[in-house]
Structure formats: structure tokens, C-alpha cells
file entry07.pdb (PDB, C-alpha atoms)
MODEL        1
ATOM      1  CA  MET Z   1     -28.892-124.872 -12.566
ATOM      2  CA  ILE Z   2     -30.036-127.740 -10.400
ATOM      3  CA  LYS Z   3     -31.674-126.375  -7.258
ATOM      4  CA  SER Z   4     -32.235-129.632  -5.396
ATOM      5  CA  VAL Z   5     -32.155-133.411  -5.636
ATOM      6  CA  LEU Z   6     -34.766-135.419  -3.756
ATOM      7  CA  ILE Z   7     -35.276-139.141  -3.397
ATOM      8  CA  PHE Z   8     -38.365-140.305  -1.560
ATOM      9  CA  ASN Z   9     -40.524-143.407  -1.470
ATOM     10  CA  GLN Z  10     -44.200-143.735  -2.374
ATOM     11  CA  LEU Z  11     -45.233-142.718   1.144
ATOM     12  CA  GLY Z  12     -43.202-139.503   0.958
ATOM     13  CA  LYS Z  13     -40.443-140.637   3.325
ATOM     14  CA  PRO Z  14     -37.236-138.870   2.280
ATOM     15  CA  ARG Z  15     -34.265-141.068   1.448
ATOM     16  CA  LEU Z  16     -32.037-138.237   0.194
ATOM     17  CA  LEU Z  17     -32.524-134.478   0.343
ATOM     18  CA  LYS Z  18     -29.876-132.248  -1.187
ATOM     19  CA  PHE Z  19     -30.595-128.549  -1.636
ATOM     20  CA  TYR Z  20     -28.090-126.352  -3.445
ATOM     21  CA  THR Z  21     -29.633-123.159  -2.088
ATOM     22  CA  GLN Z  22     -29.844-122.144   1.548
ATOM     23  CA  LEU Z  23     -33.259-123.112   2.966
ATOM     24  CA  ASP Z  24     -34.363-123.749   6.509
ATOM     25  CA  THR Z  25     -35.538-127.232   7.493
ATOM     26  CA  HIS Z  26     -39.208-126.260   7.693
ATOM     27  CA  THR Z  27     -39.161-124.942   4.110
ATOM     28  CA  GLN Z  28     -37.371-128.074   2.902
ATOM     29  CA  GLN Z  29     -40.042-130.267   4.474
ATOM     30  CA  GLN Z  30     -42.810-128.153   2.909
ATOM     31  CA  ILE Z  31     -41.184-128.484  -0.503
ATOM     32  CA  LEU Z  32     -40.852-132.255  -0.050
ATOM     33  CA  ARG Z  33     -44.515-132.637   0.929
ATOM     34  CA  SER Z  34     -45.704-130.435  -1.914
ATOM     35  CA  ILE Z  35     -43.611-132.205  -4.560
ATOM     36  CA  HIS Z  36     -44.680-135.605  -3.244
ATOM     37  CA  ALA Z  37     -48.343-134.546  -3.395
ATOM     38  CA  GLN Z  38     -47.962-133.356  -7.001
ATOM     39  CA  ILE Z  39     -45.945-136.279  -8.317
ATOM     40  CA  SER Z  40     -47.399-139.275  -6.495
ATOM     41  CA  LYS Z  41     -50.896-138.741  -7.871
ATOM     42  CA  ARG Z  42     -49.703-138.499 -11.486
ATOM     43  CA  PRO Z  43     -50.133-141.660 -13.573
ATOM     44  CA  ASP Z  44     -47.024-143.195 -15.114
ATOM     45  CA  THR Z  45     -48.354-142.443 -18.607
ATOM     46  CA  LEU Z  46     -47.886-138.669 -18.142
ATOM     47  CA  CYS Z  47     -44.597-136.934 -18.901
ATOM     48  CA  ASN Z  48     -41.965-136.585 -16.198
ATOM     49  CA  PHE Z  49     -41.868-132.764 -16.175
ATOM     50  CA  VAL Z  50     -43.891-130.406 -13.998
ATOM     51  CA  GLU Z  51     -43.561-126.653 -14.580
ATOM     52  CA  ASN Z  52     -44.787-123.554 -12.762
ATOM     53  CA  THR Z  53     -45.132-125.321  -9.459
ATOM     54  CA  GLN Z  54     -46.788-123.546  -6.573
ATOM     55  CA  SER Z  55     -44.670-125.480  -4.081
ATOM     56  CA  LEU Z  56     -41.504-123.523  -4.705
ATOM     57  CA  ASP Z  57     -40.883-119.887  -3.917
ATOM     58  CA  ASN Z  58     -40.447-118.658  -7.469
ATOM     59  CA  SER Z  59     -42.235-119.679 -10.627
ATOM     60  CA  ASN Z  60     -39.153-120.219 -12.788
ATOM     61  CA  THR Z  61     -38.585-123.768 -11.564
ATOM     62  CA  ARG Z  62     -39.207-127.126 -13.118
ATOM     63  CA  ILE Z  63     -39.581-130.536 -11.490
ATOM     64  CA  ILE Z  64     -38.100-133.429 -13.456
ATOM     65  CA  TYR Z  65     -38.514-136.900 -12.009
ATOM     66  CA  ARG Z  66     -38.358-140.639 -12.655
ATOM     67  CA  HIS Z  67     -40.250-143.335 -10.792
ATOM     68  CA  TYR Z  68     -38.266-146.532 -10.206
ATOM     69  CA  ALA Z  69     -40.016-149.339  -8.259
ATOM     70  CA  THR Z  70     -40.887-147.713  -4.916
ATOM     71  CA  LEU Z  71     -38.670-144.625  -5.242
ATOM     72  CA  TYR Z  72     -39.055-141.229  -6.875
ATOM     73  CA  PHE Z  73     -35.853-139.539  -8.071
ATOM     74  CA  VAL Z  74     -36.612-135.816  -8.371
ATOM     75  CA  PHE Z  75     -34.445-132.979  -9.670
ATOM     76  CA  VAL Z  76     -35.696-129.415  -9.190
ATOM     77  CA  THR Z  77     -34.096-127.134 -11.756
ATOM     78  CA  ASP Z  78     -34.466-123.689 -13.222
ATOM     79  CA  LEU Z  79     -35.814-123.218 -16.733
ATOM     80  CA  SER Z  80     -32.353-123.102 -18.333
ATOM     81  CA  GLU Z  81     -31.790-126.854 -17.871
ATOM     82  CA  SER Z  82     -32.815-129.316 -20.557
ATOM     83  CA  GLU Z  83     -35.568-131.709 -19.484
ATOM     84  CA  LEU Z  84     -34.165-134.589 -21.503
ATOM     85  CA  GLY Z  85     -30.646-133.857 -20.260
ATOM     86  CA  ILE Z  86     -31.819-134.049 -16.648
ATOM     87  CA  LEU Z  87     -33.760-137.265 -17.353
ATOM     88  CA  ASP Z  88     -30.532-138.713 -18.758
ATOM     89  CA  LEU Z  89     -28.688-137.459 -15.663
ATOM     90  CA  ILE Z  90     -31.215-139.220 -13.411
ATOM     91  CA  GLN Z  91     -30.602-142.406 -15.405
ATOM     92  CA  VAL Z  92     -26.824-142.022 -14.971
ATOM     93  CA  PHE Z  93     -27.253-141.404 -11.231
ATOM     94  CA  VAL Z  94     -29.451-144.493 -10.800
ATOM     95  CA  GLU Z  95     -27.101-146.665 -12.872
ATOM     96  CA  SER Z  96     -24.160-145.409 -10.802
ATOM     97  CA  LEU Z  97     -25.975-146.347  -7.602
ATOM     98  CA  ASP Z  98     -26.784-149.737  -9.126
ATOM     99  CA  ARG Z  99     -23.115-150.367  -9.923
ATOM    100  CA  VAL Z 100     -21.899-149.202  -6.516
ATOM    101  CA  PHE Z 101     -24.428-151.230  -4.524
ATOM    102  CA  GLU Z 102     -24.814-154.129  -6.989
ATOM    103  CA  ASN Z 103     -28.565-154.056  -7.530
ATOM    104  CA  VAL Z 104     -29.517-151.056  -5.435
ATOM    105  CA  CYS Z 105     -32.660-151.049  -3.296
ATOM    106  CA  GLU Z 106     -34.302-148.648  -0.881
ATOM    107  CA  LEU Z 107     -32.511-150.194   2.102
ATOM    108  CA  ASP Z 108     -29.137-149.390   0.523
ATOM    109  CA  LEU Z 109     -30.144-145.732   0.426
ATOM    110  CA  ILE Z 110     -31.129-145.855   4.093
ATOM    111  CA  PHE Z 111     -28.147-147.720   5.534
ATOM    112  CA  HIS Z 112     -25.446-146.352   3.233
ATOM    113  CA  PHE Z 113     -26.565-142.748   2.932
ATOM    114  CA  ASP Z 114     -22.976-141.512   3.054
ATOM    115  CA  GLU Z 115     -22.101-143.460  -0.092
ATOM    116  CA  VAL Z 116     -25.271-142.206  -1.809
ATOM    117  CA  HIS Z 117     -24.247-138.628  -1.031
ATOM    118  CA  TYR Z 118     -20.762-139.340  -2.336
ATOM    119  CA  VAL Z 119     -22.120-140.723  -5.624
ATOM    120  CA  LEU Z 120     -24.356-137.657  -5.956
ATOM    121  CA  SER Z 121     -21.406-135.349  -5.292
ATOM    122  CA  GLU Z 122     -19.502-137.097  -8.084
ATOM    123  CA  VAL Z 123     -22.382-136.398 -10.467
ATOM    124  CA  VAL Z 124     -23.560-132.949  -9.302
ATOM    125  CA  SER Z 125     -21.628-130.306  -7.401
ATOM    126  CA  ALA Z 126     -23.036-126.921  -6.352
ATOM    127  CA  GLY Z 127     -25.999-127.400  -8.670
ATOM    128  CA  MET Z 128     -23.878-128.025 -11.761
ATOM    129  CA  VAL Z 129     -23.331-131.339 -13.551
ATOM    130  CA  VAL Z 130     -19.757-132.526 -12.989
ATOM    131  CA  GLU Z 131     -19.544-136.056 -14.392
ATOM    132  CA  THR Z 132     -21.777-138.281 -16.507
ATOM    133  CA  ASN Z 133     -19.356-141.089 -17.356
ATOM    134  CA  LEU Z 134     -20.409-144.215 -15.430
ATOM    135  CA  GLN Z 135     -16.910-145.696 -15.392
ATOM    136  CA  GLU Z 136     -15.387-142.517 -13.933
ATOM    137  CA  ILE Z 137     -18.073-142.252 -11.260
ATOM    138  CA  THR Z 138     -17.727-145.873 -10.146
ATOM    139  CA  ARG Z 139     -13.918-145.607 -10.237
ATOM    140  CA  ALA Z 140     -13.966-142.528  -7.981
ATOM    141  CA  VAL Z 141     -16.390-144.159  -5.533
ATOM    142  CA  GLY Z 142     -14.294-147.341  -5.499
ATOM    143  CA  GLU Z 143     -11.139-145.333  -4.712
ATOM    144  CA  ALA Z 144     -12.948-143.544  -1.893
ATOM    145  CA  LYS Z 145     -14.075-146.897  -0.452
ATOM    146  CA  ARG Z 146     -10.501-148.217  -0.546
ATOM    147  CA  CYS Z 147      -9.291-145.122   1.328
ATOM    148  CA  VAL Z 148     -11.974-145.447   4.008
ATOM    149  CA  LYS Z 149     -11.454-149.176   4.714
ATOM    150  CA  PRO Z 150      -7.929-148.848   6.196
ATOM    151  CA  GLU Z 151      -9.157-146.077   8.515
ATOM    152  CA  GLN Z 152     -12.037-148.278   9.701
ATOM    153  CA  GLU Z 153      -9.686-151.219  10.290
ATOM    154  CA  MET Z 154      -7.357-148.982  12.320
ATOM    155  CA  SER Z 155     -10.222-147.775  14.490
ATOM    156  CA  ARG Z 156     -11.290-151.394  15.086
ATOM    157  CA  LEU Z 157      -7.719-152.285  16.086
ATOM    158  CA  ASN Z 158      -7.576-149.386  18.524
ATOM    159  CA  ILE Z 159     -10.882-150.428  20.094
ATOM    160  CA  GLY Z 160      -9.585-154.006  20.387
ATOM    161  CA  VAL Z 161      -6.422-152.783  22.129
ATOM    162  CA  LEU Z 162      -8.508-150.690  24.519
ATOM    163  CA  ARG Z 163     -10.763-153.635  25.330
ATOM    164  CA  ARG Z 164      -7.800-155.917  26.028
ATOM    165  CA  GLY Z 165      -6.281-153.282  28.295
ATOM    166  CA  PHE Z 166      -9.395-153.100  30.475
ATOM    167  CA  VAL Z 167     -10.172-156.818  30.658
TER     168      VAL Z 167
ENDMDL
END
call {"tool": "encode", "arguments": {"input": "entry07.pdb", "output": "C-alpha cells"}}
result
Amino acid sequence: MIKSVLIFNQLGKPRLLKFYTQLDTHTQQQILRSIHAQISKRPDTLCNFVENTQSLDNSNTRIIYRHYATLYFVFVTDLSESELGILDLIQVFVESLDRVFENVCELDLIFHFDEVHYVLSEVVSAGMVVETNLQEITRAVGEAKRCVKPEQEMSRLNIGVLRRGFV
């Protein structure tokens, strides 16, 4: 089971934090700092798995991560998950973000965090992998965008009507 998904930059600034277990904010921040301290000092030539971490409450967890440009994509899982399967899942998640944002960058994750969460929810739900097909993920996100645009246009029209009424 996937326990959490973290995306943070090289300075440890979180860009996405998704925990599938109930944790208070202070504990989440401690976990983020601890994982960042462990991963950021590792050279790129080492493997992308860290086991028996002291940062998490129990010892049956594994950290699986990929480093892309300035961002770390981290999945914290239990020992029943396959390391290579999760690495492939990280690749699918990043490729999905790249298709949705057309050459994704860190600023896309900051300014469009709702879309990033939606893409993640298409890939992982309640700690379980839901979808790995890139076409299905991008199709679902595209449909969601089409549904949201008419609502945004309606709200703009209503604001315009209100402004005209008061001018």
C-alpha cells in the first residue's frame, strides 16, 4: 500500500503532500524534513530505494523516489509494494503531468496544484494504484477541464452583470 506521495524541490519546499493515513500537520512536516534530509544528500548514482527509515513511525516502510531536474517525486510505501513497480508508477505520474501541462515545470505544480492533485487521484486512490494507462489519465483530466471551464465562464458572467449593475 502507498502511504504517502511527496513532491518537493531541492530546498525541501513541498509542492505536493498527500498522505493516505491520518497524520497531524506537525508529523507530516517532520516526515517531509526527515525524508528530504535522507534523500537530498544521496548521490544520483545510488539506487532510488531507502528502507528501514527512522523518519517514519514504523520500520516496515520503504521510500522510493526519482529526482527530475529540481524536483523529488517520493512515494512512501509498505514492504508489500514492488520497488520497480513504484518507480514505473512515478514515471507514469510524471509523464501524465507532462502531457497535461505540456512540458511541466515546478511553477505548474505551484500555480495549478488542483490539477496536480486531480492527476494524482486518477493514478492513486486511497493508497492503491487505480490507473497506469497514460491515455486514460489524460482523457479523464481533459474531460474534467472541459467540465470546469463552463462553470468558470458562468461565474465570470455573473461578476460582469454585478459590476454593470453597480456602475
call {"tool": "closest_residue", "arguments": {"input": "entry07.pdb", "among": "Z:Ile31, Z:Val92, Z:Leu71, Z:Leu23", "to": "Gln10 of chain Z", "atoms": "all atoms listed in the file"}}
result
Z:Leu71
call {"tool": "resolve_selection", "arguments": {"input": "entry07.pdb", "expression": "the PyMOL selection byres ((chain Z and resi 132) around 9)", "output": "PyMOL selection string"}}
result
chain Z and resi 89+92-93+122-123+129-131+133-137
call {"tool": "closest_residue", "arguments": {"input": "entry07.pdb", "among": "Z:His26, Z:Phe19, Z:Cys105, Z:Val74", "to": "Gln38 of chain Z", "atoms": "only C-alpha atoms"}}
result
Z:Val74
call {"tool": "residues_around", "arguments": {"input": "entry07.pdb", "residues": "Cys47 of chain Z", "least_positions_apart": "3", "cutoff": "10 Å", "atoms": "only C-alpha atoms", "output": "PDB file with C-alpha atoms, in the coordinates of the input"}}
result
ATOM      1  CA  ARG Z  42     -49.703-138.499 -11.486  1.00  0.00           C
ATOM      2  CA  PRO Z  43     -50.133-141.660 -13.573  1.00  0.00           C
ATOM      3  CA  ASP Z  44     -47.024-143.195 -15.114  1.00  0.00           C
ATOM      4  CA  VAL Z  50     -43.891-130.406 -13.998  1.00  0.00           C
ATOM      5  CA  ILE Z  64     -38.100-133.429 -13.456  1.00  0.00           C
ATOM      6  CA  TYR Z  65     -38.514-136.900 -12.009  1.00  0.00           C
ATOM      7  CA  ARG Z  66     -38.358-140.639 -12.655  1.00  0.00           C
TER       8      ARG Z  66
END
call {"tool": "closest_residue", "arguments": {"input": "entry07.pdb", "among": "Z:His67, Z:Glu106, Z:Phe113, Z:Lys18", "to": "Leu46 of chain Z", "atoms": "all atoms listed in the file"}}
result
Z:His67
call {"tool": "atom_distance", "arguments": {"input": "entry07.pdb", "atom1": "atom CA of Gln91 of chain Z", "atom2": "atom CA of Glu115 of chain Z"}}
result
17.5 Å
call {"tool": "resolve_selection", "arguments": {"input": "entry07.pdb", "expression": "the PyMOL selection byres ((chain Z and resi 37) around 12)", "output": "JSON, numbers by chain"}}
result
{"Z": [8, 9, 10, 11, 12, 30, 31, 32, 33, 34, 35, 36, 38, 39, 40, 41, 42, 53, 54, 55, 72]}
call {"tool": "closest_residue", "arguments": {"input": "entry07.pdb", "among": "Z:Thr138, Z:Ser4, Z:Gln29, Z:Ser125", "to": "Asp78 of chain Z", "atoms": "only C-alpha atoms"}}
result
Z:Ser4
call {"tool": "residues_around", "arguments": {"input": "entry07.pdb", "residues": "Glu51 of chain Z", "least_positions_apart": "4", "cutoff": "9 Å", "atoms": "only C-alpha atoms", "output": "list in words"}}
result
Ser59, Asn60, Thr61, Arg62, Ile63, Ile64 and Leu79 of chain Z
call {"tool": "atom_distance", "arguments": {"input": "entry07.pdb", "atom1": "atom CA of Ala126 of chain Z", "atom2": "atom CA of Gly142 of chain Z"}}
result
22.2 Å
call {"tool": "residues_near_point", "arguments": {"input": "entry07.pdb", "point": "(-27.1, -123.2, -4.0)", "cutoff": "9 Å", "atoms": "only C-alpha atoms", "output": "ChimeraX atom specification"}}
result
/Z:1-4,19-22,126-127
call {"tool": "atom_distance", "arguments": {"input": "entry07.pdb", "atom1": "atom CA of Leu120 of chain Z", "atom2": "atom CA of Gly85 of chain Z"}}
result
16.1 Å
call {"tool": "closest_residue", "arguments": {"input": "entry07.pdb", "among": "Z:Ile90, Z:Ala69, Z:Ala144, Z:Leu84", "to": "Val124 of chain Z", "atoms": "all atoms listed in the file"}}
result
Z:Ile90
call {"tool": "closest_residue", "arguments": {"input": "entry07.pdb", "among": "Z:Glu143, Z:Asp88, Z:Val94, Z:Thr77", "to": "Leu109 of chain Z", "atoms": "all atoms listed in the file"}}
result
Z:Val94
call {"tool": "axis_aligned_box", "arguments": {"input": "entry07.pdb", "around": "segment 24-36 of chain Z", "padding_each_side": "8 Å", "output": "JSON"}}
result
{"center_x": -40.0, "center_y": -129.7, "center_z": 1.6, "size_x": 27.3, "size_y": 27.9, "size_z": 28.3}
call {"tool": "decode", "arguments": {"input": "entry07.pdb", "residues": "segment 84-158 of chain Z", "atoms": "C-alpha atoms", "output": "mmCIF file, in the first residue's frame"}}
result
data_model
loop_
_atom_site.group_PDB
_atom_site.id
_atom_site.type_symbol
_atom_site.label_atom_id
_atom_site.label_comp_id
_atom_site.auth_asym_id
_atom_site.auth_seq_id
_atom_site.Cartn_x
_atom_site.Cartn_y
_atom_site.Cartn_z
ATOM 1 C CA LEU Z 84 10.319 -1.346 -9.686
ATOM 2 C CA GLY Z 85 6.530 -1.133 -9.954
ATOM 3 C CA ILE Z 86 6.509 2.081 -7.920
ATOM 4 C CA LEU Z 87 9.392 3.512 -9.983
ATOM 5 C CA ASP Z 88 7.313 2.792 -13.089
ATOM 6 C CA LEU Z 89 4.314 4.431 -11.393
ATOM 7 C CA ILE Z 90 6.388 7.553 -10.683
ATOM 8 C CA GLN Z 91 7.352 7.615 -14.366
ATOM 9 C CA VAL Z 92 3.682 7.326 -15.393
ATOM 10 C CA PHE Z 93 2.719 10.109 -12.968
ATOM 11 C CA VAL Z 94 5.440 12.434 -14.290
ATOM 12 C CA GLU Z 95 4.571 11.668 -17.921
ATOM 13 C CA SER Z 96 0.900 12.337 -17.154
ATOM 14 C CA LEU Z 97 1.799 15.699 -15.640
ATOM 15 C CA ASP Z 98 3.962 16.424 -18.684
ATOM 16 C CA ARG Z 99 1.063 15.698 -21.042
ATOM 17 C CA VAL Z 100 -1.441 17.715 -19.015
ATOM 18 C CA PHE Z 101 0.792 20.772 -18.633
ATOM 19 C CA GLU Z 102 2.731 20.401 -21.909
ATOM 20 C CA ASN Z 103 6.282 20.345 -20.586
ATOM 21 C CA VAL Z 104 5.645 20.509 -16.863
ATOM 22 C CA CYS Z 105 7.819 22.624 -14.571
ATOM 23 C CA GLU Z 106 7.875 23.465 -10.886
ATOM 24 C CA LEU Z 107 5.742 26.574 -11.412
ATOM 25 C CA ASP Z 108 2.956 24.442 -12.898
ATOM 26 C CA LEU Z 109 2.877 22.442 -9.674
ATOM 27 C CA ILE Z 110 2.648 25.641 -7.638
ATOM 28 C CA PHE Z 111 0.011 27.523 -9.626
ATOM 29 C CA HIS Z 112 -2.096 24.559 -10.739
ATOM 30 C CA PHE Z 113 -1.995 22.434 -7.607
ATOM 31 C CA ASP Z 114 -5.634 21.436 -8.039
ATOM 32 C CA GLU Z 115 -4.890 19.830 -11.404
ATOM 33 C CA VAL Z 116 -1.825 18.082 -9.948
ATOM 34 C CA HIS Z 117 -4.000 16.615 -7.197
ATOM 35 C CA TYR Z 118 -6.549 15.538 -9.785
ATOM 36 C CA VAL Z 119 -3.894 13.757 -11.869
ATOM 37 C CA LEU Z 120 -2.619 12.034 -8.720
ATOM 38 C CA SER Z 121 -6.150 10.958 -7.798
ATOM 39 C CA GLU Z 122 -6.507 9.415 -11.257
ATOM 40 C CA VAL Z 123 -3.339 7.394 -10.668
ATOM 41 C CA VAL Z 124 -3.604 6.569 -6.940
ATOM 42 C CA SER Z 125 -6.695 6.442 -4.758
ATOM 43 C CA ALA Z 126 -6.696 5.583 -1.043
ATOM 44 C CA GLY Z 127 -3.144 4.281 -1.311
ATOM 45 C CA MET Z 128 -3.919 1.842 -4.121
ATOM 46 C CA VAL Z 129 -2.923 2.150 -7.782
ATOM 47 C CA VAL Z 130 -6.008 2.864 -9.895
ATOM 48 C CA GLU Z 131 -4.771 3.649 -13.406
ATOM 49 C CA THR Z 132 -1.457 3.402 -15.240
ATOM 50 C CA ASN Z 133 -2.599 3.988 -18.820
ATOM 51 C CA LEU Z 134 -1.376 7.433 -19.929
ATOM 52 C CA GLN Z 135 -4.147 7.889 -22.489
ATOM 53 C CA GLU Z 136 -6.878 7.146 -19.931
ATOM 54 C CA ILE Z 137 -5.359 9.506 -17.370
ATOM 55 C CA THR Z 138 -5.010 12.398 -19.818
ATOM 56 C CA ARG Z 139 -8.510 11.739 -21.197
ATOM 57 C CA ALA Z 140 -10.040 11.888 -17.704
ATOM 58 C CA VAL Z 141 -8.157 15.087 -16.839
ATOM 59 C CA GLY Z 142 -9.178 16.647 -20.163
ATOM 60 C CA GLU Z 143 -12.849 15.815 -19.500
ATOM 61 C CA ALA Z 144 -12.598 17.347 -16.035
ATOM 62 C CA LYS Z 145 -11.093 20.528 -17.520
ATOM 63 C CA ARG Z 146 -13.935 20.775 -20.047
ATOM 64 C CA CYS Z 147 -16.488 20.457 -17.231
ATOM 65 C CA VAL Z 148 -14.810 23.151 -15.131
ATOM 66 C CA LYS Z 149 -14.460 25.747 -17.925
ATOM 67 C CA PRO Z 150 -18.216 26.381 -18.399
ATOM 68 C CA GLU Z 151 -18.609 26.888 -14.636
ATOM 69 C CA GLN Z 152 -15.755 29.419 -14.630
ATOM 70 C CA GLU Z 153 -17.250 31.271 -17.606
ATOM 71 C CA MET Z 154 -20.628 31.430 -15.842
ATOM 72 C CA SER Z 155 -19.052 32.872 -12.710
ATOM 73 C CA ARG Z 156 -17.258 35.498 -14.827
ATOM 74 C CA LEU Z 157 -20.563 36.409 -16.500
ATOM 75 C CA ASN Z 158 -22.272 36.786 -13.138
#
